[in-house]
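Structure data follow from final33.txt (compact mmCIF, C-alpha atoms):
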```
# COMPACT_ATOMS: atom_id res chain seq x y z
CA MET A 1 123.22 206.84 100.82
CA GLU A 2 124.68 203.69 99.32
CA GLY A 3 121.95 201.29 100.40
CA SER A 4 119.00 200.60 98.11
CA LYS A 5 116.61 201.30 101.02
CA GLU A 6 118.24 204.63 101.79
CA LYS A 7 115.68 207.41 101.69
CA ILE A 8 116.23 210.81 100.13
CA ILE A 9 114.21 213.92 100.98
CA LEU A 10 113.61 216.49 98.27
CA ASN A 11 112.23 219.99 98.86
CA ILE A 12 110.75 221.20 95.57
CA GLY A 13 109.47 224.77 95.85
CA GLY A 14 108.47 224.25 99.47
CA VAL A 15 106.85 220.83 98.95
CA ARG A 16 108.71 217.94 100.55
CA TYR A 17 109.04 214.60 98.75
CA GLU A 18 110.52 211.46 100.25
CA THR A 19 111.60 208.48 98.15
CA TYR A 20 114.15 205.66 97.99
CA SER A 21 117.55 206.20 96.43
CA SER A 22 116.96 203.07 94.32
CA THR A 23 113.97 204.83 92.75
CA LEU A 24 116.13 207.75 91.64
CA ARG A 25 118.63 205.33 90.09
CA THR A 26 115.98 204.06 87.66
CA PHE A 27 117.26 206.32 84.88
CA PRO A 28 121.04 206.77 85.01
CA GLY A 29 122.50 209.98 83.69
CA THR A 30 119.66 212.20 84.91
CA LYS A 31 119.82 214.88 87.59
CA LEU A 32 117.77 212.90 90.10
CA CYS A 33 120.07 209.92 89.69
CA SER A 34 123.08 212.12 90.47
CA LEU A 35 121.54 212.91 93.85
CA THR A 36 122.38 209.37 94.97
CA GLU A 37 126.12 209.91 94.46
CA PRO A 38 128.35 210.55 97.53
CA ASN A 39 129.42 214.03 96.38
CA ALA A 40 125.82 215.19 95.72
CA PRO A 41 125.57 217.30 98.96
CA SER A 42 128.55 219.40 97.85
CA ILE A 43 127.15 219.96 94.36
CA TYR A 44 123.51 220.76 95.08
CA ASP A 45 121.74 222.85 97.72
CA TYR A 46 121.76 220.40 100.63
CA ASP A 47 120.64 221.18 104.21
CA PRO A 48 122.47 218.85 106.64
CA THR A 49 120.08 219.78 109.46
CA THR A 50 116.91 218.60 107.72
CA LYS A 51 118.85 216.24 105.40
CA GLU A 52 117.03 217.41 102.32
CA PHE A 53 117.90 218.76 98.85
CA PHE A 54 116.25 222.01 97.87
CA PHE A 55 115.24 222.95 94.30
CA ASP A 56 113.26 226.08 93.51
CA ARG A 57 111.22 224.43 90.75
CA ASN A 58 107.60 223.64 89.87
CA ALA A 59 106.35 221.15 92.47
CA GLU A 60 103.28 220.06 90.49
CA ILE A 61 105.28 218.95 87.45
CA PHE A 62 107.94 217.36 89.67
CA SER A 63 105.34 215.04 91.18
CA TYR A 64 104.75 213.62 87.68
CA VAL A 65 108.51 213.38 87.09
CA LEU A 66 108.98 211.44 90.32
CA ASN A 67 106.07 209.18 89.42
CA TYR A 68 107.84 208.53 86.10
CA TYR A 69 110.82 207.18 88.04
CA ARG A 70 108.50 204.94 90.04
CA THR A 71 106.35 203.54 87.22
CA LYS A 72 108.45 204.20 84.08
CA HIS A 73 105.35 205.77 82.50
CA PHE A 74 105.46 209.52 82.11
CA HIS A 75 102.19 211.45 82.24
CA CYS A 76 101.55 215.15 82.74
CA PRO A 77 98.63 217.40 83.75
CA ILE A 78 96.42 218.49 80.86
CA ASP A 79 96.31 222.18 81.85
CA THR A 80 100.11 222.55 81.79
CA CYS A 81 101.69 225.02 79.40
CA ARG A 82 103.88 223.23 76.90
CA SER A 83 106.80 225.65 77.25
CA VAL A 84 106.74 225.33 81.06
CA LEU A 85 106.72 221.53 80.78
CA GLU A 86 109.65 221.57 78.36
CA GLU A 87 111.62 223.88 80.65
CA GLU A 88 111.04 221.67 83.70
CA LEU A 89 111.88 218.47 81.83
CA ALA A 90 115.08 220.06 80.52
CA PHE A 91 116.06 220.96 84.09
CA TRP A 92 115.47 217.43 85.37
CA GLU A 93 117.18 216.04 82.24
CA VAL A 94 114.16 214.01 81.16
CA SER A 95 113.43 213.72 77.44
CA GLU A 96 110.08 214.97 76.20
CA THR A 97 109.83 211.89 73.98
CA GLN A 98 109.15 209.78 77.08
CA LEU A 99 105.74 211.40 77.39
CA ALA A 100 102.87 208.92 77.06
CA SER A 101 100.95 209.05 73.78
CA CYS A 102 97.64 209.88 75.49
CA CYS A 103 99.10 212.93 77.24
CA TRP A 104 101.05 213.99 74.17
CA LEU A 105 97.87 214.09 72.08
CA LYS A 106 96.04 216.13 74.73
CA LEU A 107 98.98 218.47 75.23
CA ASN A 108 99.15 219.21 71.50
CA ASN A 109 95.36 219.33 71.04
CA LYS A 110 95.46 216.58 68.42
CA GLU A 111 92.08 215.12 67.53
CA VAL A 112 93.51 211.73 66.65
CA GLN A 113 92.39 208.35 67.86
CA PRO A 114 94.91 206.72 70.25
CA GLU A 115 95.18 203.62 68.06
CA GLU A 116 96.30 205.80 65.15
CA PHE A 117 99.25 207.04 67.18
CA ASN A 118 101.07 203.71 66.78
CA ILE A 119 100.27 203.23 63.09
CA TRP A 120 103.81 204.16 62.06
CA ASP A 121 105.33 201.15 63.83
CA GLU A 122 102.87 198.42 62.86
CA HIS A 123 104.22 197.79 59.35
CA GLU A 124 107.85 197.76 60.50
CA GLN A 125 107.20 195.32 63.33
CA THR A 126 105.33 192.72 61.25
CA ASP A 127 108.39 190.96 59.83
CA ASP A 128 110.25 191.12 63.13
CA GLN A 129 107.33 189.54 64.99
CA CYS A 130 107.19 186.72 62.43
CA LEU A 131 110.90 186.08 62.92
CA ILE A 132 110.48 186.01 66.70
CA VAL A 133 107.66 183.46 66.42
CA GLN A 134 109.74 181.23 64.13
CA THR A 135 112.72 181.48 66.46
CA GLU A 136 110.59 180.36 69.39
CA ARG A 137 109.23 177.38 67.45
CA ARG A 138 112.43 176.02 65.98
CA ASP A 139 115.73 174.86 67.29
CA PHE A 140 118.72 177.18 67.09
CA SER A 141 120.00 175.83 63.78
CA TRP A 142 122.19 177.75 61.36
CA ARG A 143 119.14 178.83 59.35
CA THR A 144 117.41 180.21 62.43
CA ARG A 145 120.50 182.15 63.39
CA TRP A 146 121.12 183.59 59.93
CA GLN A 147 117.53 184.13 58.80
CA PRO A 148 116.99 187.55 60.47
CA LYS A 149 120.33 188.84 59.17
CA ILE A 150 119.89 187.68 55.57
CA TRP A 151 116.26 188.78 55.50
CA SER A 152 117.23 192.26 56.71
CA ILE A 153 119.98 192.54 54.10
CA PHE A 154 117.68 191.63 51.19
CA GLU A 155 114.43 193.21 52.42
CA LYS A 156 115.46 196.25 54.49
CA PRO A 157 117.78 198.38 52.35
CA PHE A 158 118.76 200.77 55.16
CA SER A 159 119.36 198.25 57.95
CA SER A 160 123.13 197.97 57.35
CA PHE A 161 125.95 198.91 54.99
CA SER A 162 125.71 195.52 53.25
CA ALA A 163 122.00 196.04 52.68
CA LYS A 164 122.67 199.46 51.15
CA CYS A 165 125.26 198.00 48.76
CA LEU A 166 122.85 195.22 47.76
CA ALA A 167 120.04 197.74 47.23
CA PHE A 168 122.31 199.85 45.02
CA ALA A 169 123.22 196.79 42.92
CA SER A 170 119.54 195.84 42.56
CA LEU A 171 118.74 199.39 41.50
CA LEU A 172 121.36 199.23 38.75
CA PHE A 173 120.01 195.90 37.49
CA ILE A 174 116.43 197.25 37.46
CA VAL A 175 117.41 200.31 35.47
CA GLY A 176 119.53 198.12 33.17
CA ILE A 177 116.79 195.65 32.34
CA VAL A 178 114.30 198.44 31.64
CA ILE A 179 116.77 200.02 29.20
CA ILE A 180 117.31 196.61 27.57
CA PHE A 181 113.55 196.15 27.28
CA CYS A 182 113.21 199.53 25.54
CA GLU A 183 116.04 198.71 23.11
CA GLU A 184 114.54 195.27 22.33
CA THR A 185 111.14 196.82 21.72
CA LYS A 186 112.66 199.41 19.39
CA ALA A 187 114.62 196.76 17.46
CA GLN A 188 111.57 194.48 17.10
CA PHE A 189 109.40 197.35 15.92
CA GLU A 190 111.94 198.37 13.27
CA PHE A 191 112.33 194.73 12.17
CA PHE A 192 108.62 194.07 11.77
CA THR A 193 108.05 197.45 10.15
CA ALA A 194 110.69 196.67 7.53
CA ASN A 195 109.73 193.02 6.88
CA PHE A 196 105.94 192.93 7.23
CA THR A 197 103.81 194.05 4.32
CA SER A 198 100.08 194.52 4.10
CA VAL A 199 99.67 190.88 3.05
CA GLY A 200 101.98 189.33 5.60
CA TYR A 201 105.59 188.49 6.25
CA SER A 202 107.89 189.30 3.31
CA GLU A 203 110.32 186.71 2.07
CA VAL A 204 113.78 188.02 2.87
CA SER A 205 116.96 185.99 3.08
CA HIS A 206 118.53 185.15 6.43
CA ASP A 207 121.60 187.19 5.53
CA ASP A 208 119.53 190.34 5.31
CA HIS A 209 118.32 189.70 8.86
CA GLU A 210 121.82 189.09 10.21
CA PRO A 211 122.26 192.58 11.81
CA TYR A 212 118.93 192.22 13.59
CA TYR A 213 119.69 188.71 14.87
CA HIS A 214 123.13 189.81 16.05
CA GLN A 215 121.67 192.74 17.99
CA ALA A 216 118.86 190.57 19.38
CA ALA A 217 121.36 187.96 20.60
CA TYR A 218 123.49 190.65 22.26
CA LEU A 219 120.50 192.16 24.06
CA LEU A 220 119.26 188.70 25.02
CA HIS A 221 122.58 187.88 26.74
CA LEU A 222 122.47 191.15 28.68
CA GLU A 223 118.87 190.46 29.64
CA LEU A 224 119.76 186.93 30.76
CA PHE A 225 122.54 188.31 32.96
CA CYS A 226 120.09 190.67 34.68
CA VAL A 227 117.43 187.98 35.06
CA LEU A 228 119.95 185.60 36.64
CA TRP A 229 120.61 188.22 39.29
CA PHE A 230 116.87 188.70 39.85
CA THR A 231 116.46 184.91 40.12
CA PHE A 232 119.16 184.71 42.77
CA GLU A 233 117.72 187.65 44.70
CA PHE A 234 114.14 186.32 44.55
CA SER A 235 115.20 182.81 45.60
CA VAL A 236 117.11 184.07 48.64
CA ARG A 237 114.29 186.36 49.72
CA PHE A 238 111.75 183.57 49.31
CA CYS A 239 113.84 181.02 51.24
CA PHE A 240 114.52 183.33 54.17
CA CYS A 241 111.21 185.20 54.36
CA PRO A 242 109.41 184.89 57.73
CA ASP A 243 106.02 184.08 56.18
CA LYS A 244 105.65 182.54 52.71
CA LYS A 245 101.96 183.39 52.50
CA LEU A 246 102.48 187.09 53.26
CA PHE A 247 105.43 187.08 50.86
CA PHE A 248 103.23 186.33 47.83
CA GLN A 249 100.52 188.71 49.01
CA ASN A 250 102.89 191.58 48.28
CA PRO A 251 102.30 192.86 44.71
CA LEU A 252 106.00 193.74 44.32
CA ASN A 253 107.00 190.13 44.98
CA VAL A 254 104.43 188.88 42.46
CA ALA A 255 105.87 191.29 39.88
CA ASP A 256 109.38 190.01 40.62
CA PHE A 257 108.20 186.43 40.15
CA LEU A 258 106.47 187.09 36.81
CA SER A 259 109.45 189.03 35.44
CA LEU A 260 111.62 185.89 35.60
CA PHE A 261 109.75 183.99 32.86
CA PRO A 262 110.02 185.95 29.56
CA VAL A 263 113.74 185.44 28.95
CA TYR A 264 113.63 181.76 29.97
CA ILE A 265 110.69 181.17 27.63
CA GLU A 266 112.55 182.85 24.78
CA LEU A 267 115.61 180.67 25.38
CA PHE A 268 113.41 177.57 25.42
CA VAL A 269 111.68 178.39 22.10
CA ALA A 270 114.64 180.15 20.44
CA GLY A 271 114.53 177.83 17.40
CA GLN A 272 110.88 178.54 16.69
CA ILE A 273 111.22 182.31 16.81
CA GLN A 274 113.10 182.44 13.49
CA ARG A 275 110.35 180.40 11.82
CA MET A 276 107.55 182.30 13.61
CA PRO A 277 108.59 185.95 14.03
CA SER A 278 105.21 186.79 15.56
CA LEU A 279 106.14 184.61 18.55
CA GLY A 280 109.03 186.97 19.31
CA LEU A 281 106.60 189.88 19.15
CA TRP A 282 104.34 188.25 21.74
CA LEU A 283 107.30 187.55 24.01
CA GLY A 284 108.25 191.20 23.72
CA PHE A 285 104.74 192.09 24.79
CA VAL A 286 105.05 189.81 27.85
CA ARG A 287 108.22 191.71 28.82
CA ILE A 288 106.02 194.61 29.87
CA VAL A 289 106.17 193.04 33.36
CA TYR A 290 109.72 194.45 33.55
CA LEU A 291 108.17 197.89 33.92
CA LEU A 292 106.50 196.70 37.13
CA LYS A 293 109.95 196.30 38.65
CA LEU A 294 110.23 200.08 38.60
CA LEU A 295 107.78 200.05 41.50
CA LYS A 296 110.50 198.42 43.58
CA ILE A 297 112.59 201.58 43.33
CA SER A 298 110.23 203.17 45.85
CA LYS A 299 111.31 200.49 48.31
CA LEU A 300 115.02 200.70 47.55
CA ILE A 301 115.05 204.47 47.92
CA GLU A 302 114.32 205.82 51.38
CA THR A 303 110.87 207.38 51.27
CA PRO A 304 110.83 210.90 52.74
CA LEU A 305 108.82 211.26 55.92
CA ILE A 306 106.54 213.89 54.42
CA LEU A 307 105.63 211.53 51.55
CA ARG A 308 104.76 208.70 53.95
CA VAL A 309 102.62 211.08 56.00
CA LEU A 310 100.91 212.25 52.80
CA CYS A 311 100.05 208.66 51.81
CA TYR A 312 98.61 207.88 55.24
CA THR A 313 96.65 211.14 55.27
CA LEU A 314 95.06 210.23 51.95
CA LYS A 315 94.10 206.83 53.35
CA SER A 316 92.57 208.40 56.45
CA ILE A 317 90.37 210.78 54.42
CA LEU A 318 89.44 208.21 51.76
CA ARG A 319 85.76 208.50 52.70
CA GLU A 320 85.83 212.28 52.24
CA ILE A 321 87.62 211.87 48.90
CA CYS A 322 84.91 209.48 47.68
CA ILE A 323 82.21 211.97 48.68
CA LEU A 324 84.10 214.73 46.84
CA LEU A 325 84.32 212.59 43.70
CA MET A 326 80.59 211.87 43.89
CA ILE A 327 79.85 215.59 44.13
CA LEU A 328 82.18 216.26 41.20
CA ALA A 329 80.45 213.53 39.14
CA PHE A 330 77.04 215.03 39.92
CA GLU A 331 78.22 218.51 38.94
CA THR A 332 79.70 217.13 35.72
CA LEU A 333 76.41 215.50 34.74
CA PHE A 334 74.35 218.55 35.78
CA PHE A 335 76.38 221.28 34.12
CA GLY A 336 77.18 219.12 31.09
CA SER A 337 73.48 218.51 30.45
CA LEU A 338 72.59 222.13 31.14
CA PHE A 339 75.30 223.32 28.74
CA PHE A 340 74.21 220.89 26.03
CA TYR A 341 70.55 221.88 26.04
CA GLY A 342 71.32 225.55 26.64
CA GLU A 343 73.58 225.72 23.60
CA LEU A 344 71.31 223.53 21.50
CA LEU A 345 68.00 225.23 22.27
CA GLY A 346 69.32 228.75 22.63
CA SER A 347 71.43 228.78 19.48
CA HIS A 348 70.47 231.21 16.72
CA PRO A 349 70.02 229.88 13.17
CA SER A 350 73.08 231.90 12.18
CA TYR A 351 75.12 229.81 14.66
CA THR A 352 74.48 226.63 12.68
CA GLY A 353 77.72 224.80 12.08
CA GLU A 354 79.62 226.82 14.68
CA LEU A 355 78.88 224.58 17.68
CA HIS A 356 82.00 222.84 18.98
CA PHE A 357 80.26 219.66 20.08
CA THR A 358 78.29 216.90 18.47
CA ASP A 359 76.82 214.99 21.44
CA ILE A 360 76.28 215.24 25.17
CA LEU A 361 79.39 213.22 26.02
CA VAL A 362 81.53 216.05 24.67
CA CYS A 363 79.60 218.41 26.96
CA PHE A 364 80.40 216.18 29.93
CA TRP A 365 84.07 216.47 28.97
CA TRP A 366 83.70 220.27 28.82
CA ALA A 367 81.97 220.33 32.24
CA LEU A 368 84.72 218.26 33.89
CA ILE A 369 87.50 220.41 32.44
CA THR A 370 85.68 223.59 33.53
CA LEU A 371 84.92 222.33 37.04
CA THR A 372 88.57 221.43 37.59
CA THR A 373 89.57 224.96 36.44
CA VAL A 374 91.70 223.59 33.58
CA GLY A 375 89.79 225.09 30.67
CA TYR A 376 91.46 223.92 27.46
CA GLY A 377 89.33 226.24 25.35
CA ASP A 378 88.47 223.55 22.78
CA ILE A 379 84.76 224.07 23.53
CA ILE A 380 83.35 227.54 24.26
CA PRO A 381 79.78 228.72 24.95
CA LEU A 382 78.21 230.74 22.15
CA THR A 383 74.81 231.49 23.70
CA THR A 384 73.83 233.48 26.77
CA VAL A 385 72.54 230.37 28.52
CA GLY A 386 75.79 228.57 27.78
CA GLN A 387 77.88 231.46 29.09
CA VAL A 388 75.90 231.64 32.33
CA THR A 389 76.24 227.87 32.71
CA ALA A 390 80.00 228.11 32.14
CA ALA A 391 80.32 230.86 34.78
CA LEU A 392 78.35 228.85 37.34
CA ALA A 393 80.38 225.71 36.56
CA ALA A 394 83.65 227.60 37.12
CA VAL A 395 82.46 229.02 40.46
CA PHE A 396 81.11 225.70 41.75
CA GLY A 397 84.26 223.95 40.58
CA MET A 398 86.47 226.28 42.60
CA LEU A 399 84.28 225.86 45.68
CA THR A 400 84.31 222.08 45.32
CA ILE A 401 88.10 222.04 45.23
CA ILE A 402 88.84 224.77 47.81
CA ILE A 403 86.46 223.74 50.62
CA PRO A 404 88.05 220.31 51.35
CA ILE A 405 91.59 221.74 51.44
CA PRO A 406 91.48 222.93 55.11
CA ILE A 407 90.23 219.50 56.20
CA PHE A 408 93.15 217.87 54.43
CA LEU A 409 95.67 220.32 55.90
CA VAL A 410 94.43 219.79 59.46
CA LYS A 411 94.69 216.02 59.10
CA PHE A 412 98.08 216.26 57.45
CA LYS A 413 99.52 218.52 60.17
CA SER A 414 98.24 216.22 62.92
CA TYR A 415 99.79 213.12 61.37
CA TYR A 416 103.01 214.95 60.54
CA ASP A 417 103.43 216.09 64.17
CA ILE A 418 102.81 212.54 65.35
CA ALA A 419 105.35 211.15 62.88
CA ILE A 420 107.98 213.67 64.00
CA PHE A 421 107.35 212.78 67.63
CA LYS A 422 107.63 209.05 66.90
CA GLN A 423 110.93 209.59 65.11
CA LYS A 424 112.29 211.51 68.10
CA LEU A 425 111.12 208.70 70.35
CA LYS A 426 112.91 206.09 68.22
CA ARG A 427 116.16 208.08 68.24
CA SER A 428 115.99 208.53 72.00
CA LYS A 429 115.48 204.79 72.51
CA LYS A 430 118.46 204.00 70.28
CA HIS A 431 120.70 206.29 72.31
```

Could you render the structure from this file as structure tokens?
Amino acid sequence: MEGSKEKIILNIGGVRYETYSSTLRTFPGTKLCSLTEPNAPSIYDYDPTTKEFFFDRNAEIFSYVLNYYRTKHFHCPIDTCRSVLEEELAFWEVSETQLASCCWLKLNNKEVQPEEFNIWDEHEQTDDQCLIVQTERRDFSWRTRWQPKIWSIFEKPFSSFSAKCLAFASLLFIVGIVIIFCEETKAQFEFFTANFTSVGYSEVSHDDHEPYYHQAAYLLHLELFCVLWFTFEFSVRFCFCPDKKLFFQNPLNVADFLSLFPVYIELFVAGQIQRMPSLGLWLGFVRIVYLLKLLKISKLIETPLILRVLCYTLKSILREICILLMILAFETLFFGSLFFYGELLGSHPSYTGELHFTDILVCFWWALITLTTVGYGDIIPLTTVGQVTAALAAVFGMLTIIIPIPIFLVKFKSYYDIAIFKQKLKRSKKH
């Protein structure tokens, strides 16, 4: 049984199968691979007369298992019970994650397009494919060798321990610069409130402004320290990115680039700010781009699987959401108009002055709040027509919101099951 052309006979539930020992060695560590070992006849039920191994198992499923060893593509019959398949695969020590995507979708009755099954890997593989293309084009220089490592450290926070440490440092700098921005805004607001009158800038000596200038200089140095770190980080990421064009198509990278300018501009025009205090106010307004860096926290923190599935589910039902919004807009216009004319025409002279609205736009606001079942109570119907309209608006609003929920849940469950399966598949490939 040592030769690669040695044949092995298997009797599975009365059905005889004959294959090469080299075929069974395709996947080491499995039960079929152990049949090729010299001590296999003493471990398993082996008949020396017929020279065959006997297993009292499902022959139909075993034919697909054996074909998996031949082709390395695992398929299964559609009419197979899932629990029976799992039991047989566990016996033959074959992971369920090896099941082909087409059969997995049919086995789980998932009404999902096959191309959507691989959507979870497309975004992750984009950067790696770009790096592979660049490696094939260029010589094996130091930059080519280090580019994938440095890019993973700066761009993929959970790829290594170094990347996690760098992501934690970036997170601290982001939080720090946002706090500095808030303190600078507060200080500038207090300064301009105290020194600007209704006719303009009040004449106050420089000594009276000394506390403000001292605090502003302190905050500016802290801000400069943070921006220097962001400059270093952005420069490294830009130099080692696989594709410069795709790099600037990312909104987060554009926000990082714009956030580098305010502090450098303030340092460049520092002498003019004391003569033109309004210039400092405009620079403070430009610092709003620092708030965009908070979006990067979503990348530095590992996004839960359920949140990623939720985002993709919303994208997949975007057409249904647009239709729902159109229906809601139509209902808002219809019930808002009906409420306006019902209250206006059906009001009694004694109601004059008691109406809670002045124009039809306020009625549209009331209709939207009623349809979404919020009901602030700032506008209430006073006539019979208005009360009937309000009741109908509440009922139609609930129906509009409740009916699409099952569609969303079915889509969400399908994508969540696929994501769980893909994660199991990734873990099995790593091991």

> Within 12 Å of (102.4, 222.7, 80.7), in the coordinates the file gives, what residues turn up when you count only C-alpha atoms, written out as a PyMOL selection string?
Replying inline: chain A and resi 58+60-62+64+75-89+96+103-104+106-108

> Out of A:Ile418, A:Ala59, A:Leu24, A:Ile297, which residue has the shortest atom-to-atom distance to Thr71 of chain A when counting all atoms listed in the file?
Replying inline: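 Closest to Thr71 of chain A, using all atoms listed in the file: A:Leu24.
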
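The list of residues with at least one atom within 9 Å of Pro381 of chain A, based on all atoms listed in the file and without residues fewer than 4 positions apart in the same chain, reads Phe339, Glu343, Leu355, His356, Val385, Gly386, Gln387, Val388, Thr389 and Ala390 of chain A.
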
Any chance you can output those residues with C-alpha atoms as a CSV table (one decimal), keeping the file's coordinate frame?
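So the final result, stored in again27.csv, reads:
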```csv
chain,number,residue,atom,x,y,z
A,339,PHE,CA,75.3,223.3,28.7
A,343,GLU,CA,73.6,225.7,23.6
A,355,LEU,CA,78.9,224.6,17.7
A,356,HIS,CA,82.0,222.8,19.0
A,385,VAL,CA,72.5,230.4,28.5
A,386,GLY,CA,75.8,228.6,27.8
A,387,GLN,CA,77.9,231.5,29.1
A,388,VAL,CA,75.9,231.6,32.3
A,389,THR,CA,76.2,227.9,32.7
A,390,ALA,CA,80.0,228.1,32.1
```

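Proximity ranking of A:Ile405, A:Asn67, A:Ala169, A:Thr49 relative to Glu233 of chain A places A:Ala169 first, based on all atoms listed in the file.
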
> atom CA of Cys226 of chain A and atom CA of Leu172 of chain A are how many Å apart?
Replying inline: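 Here the two named atoms are 9.6 Å from each other.
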
>> Nearest residue to Glu320 of chain A out of A:Val254, A:Asn11, A:Pro404, A:Leu371, using all atoms listed in the file?
In response: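 When distances to Glu320 of chain A are compared using all atoms listed in the file, the smallest one comes from A:Pro404.
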
> At what distance in Å, to one decimal, does atom CA of Leu224 of chain A lie from atom CA of Glu266 of chain A?
Replying inline: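 Result for atom CA of Glu266 of chain A versus atom CA of Leu224 of chain A: 10.2 Å, one decimal.
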
> Any idea what's packed within 10 Å of segment 176-180 of chain A, counting all atoms listed in the file, ignoring anything in its chain fewer than 4 positions away? Could you give it as an NGL selection string?
Replying inline: :A and (170-172 or 184-186 or 219-220 or 222-227 or 287-294)
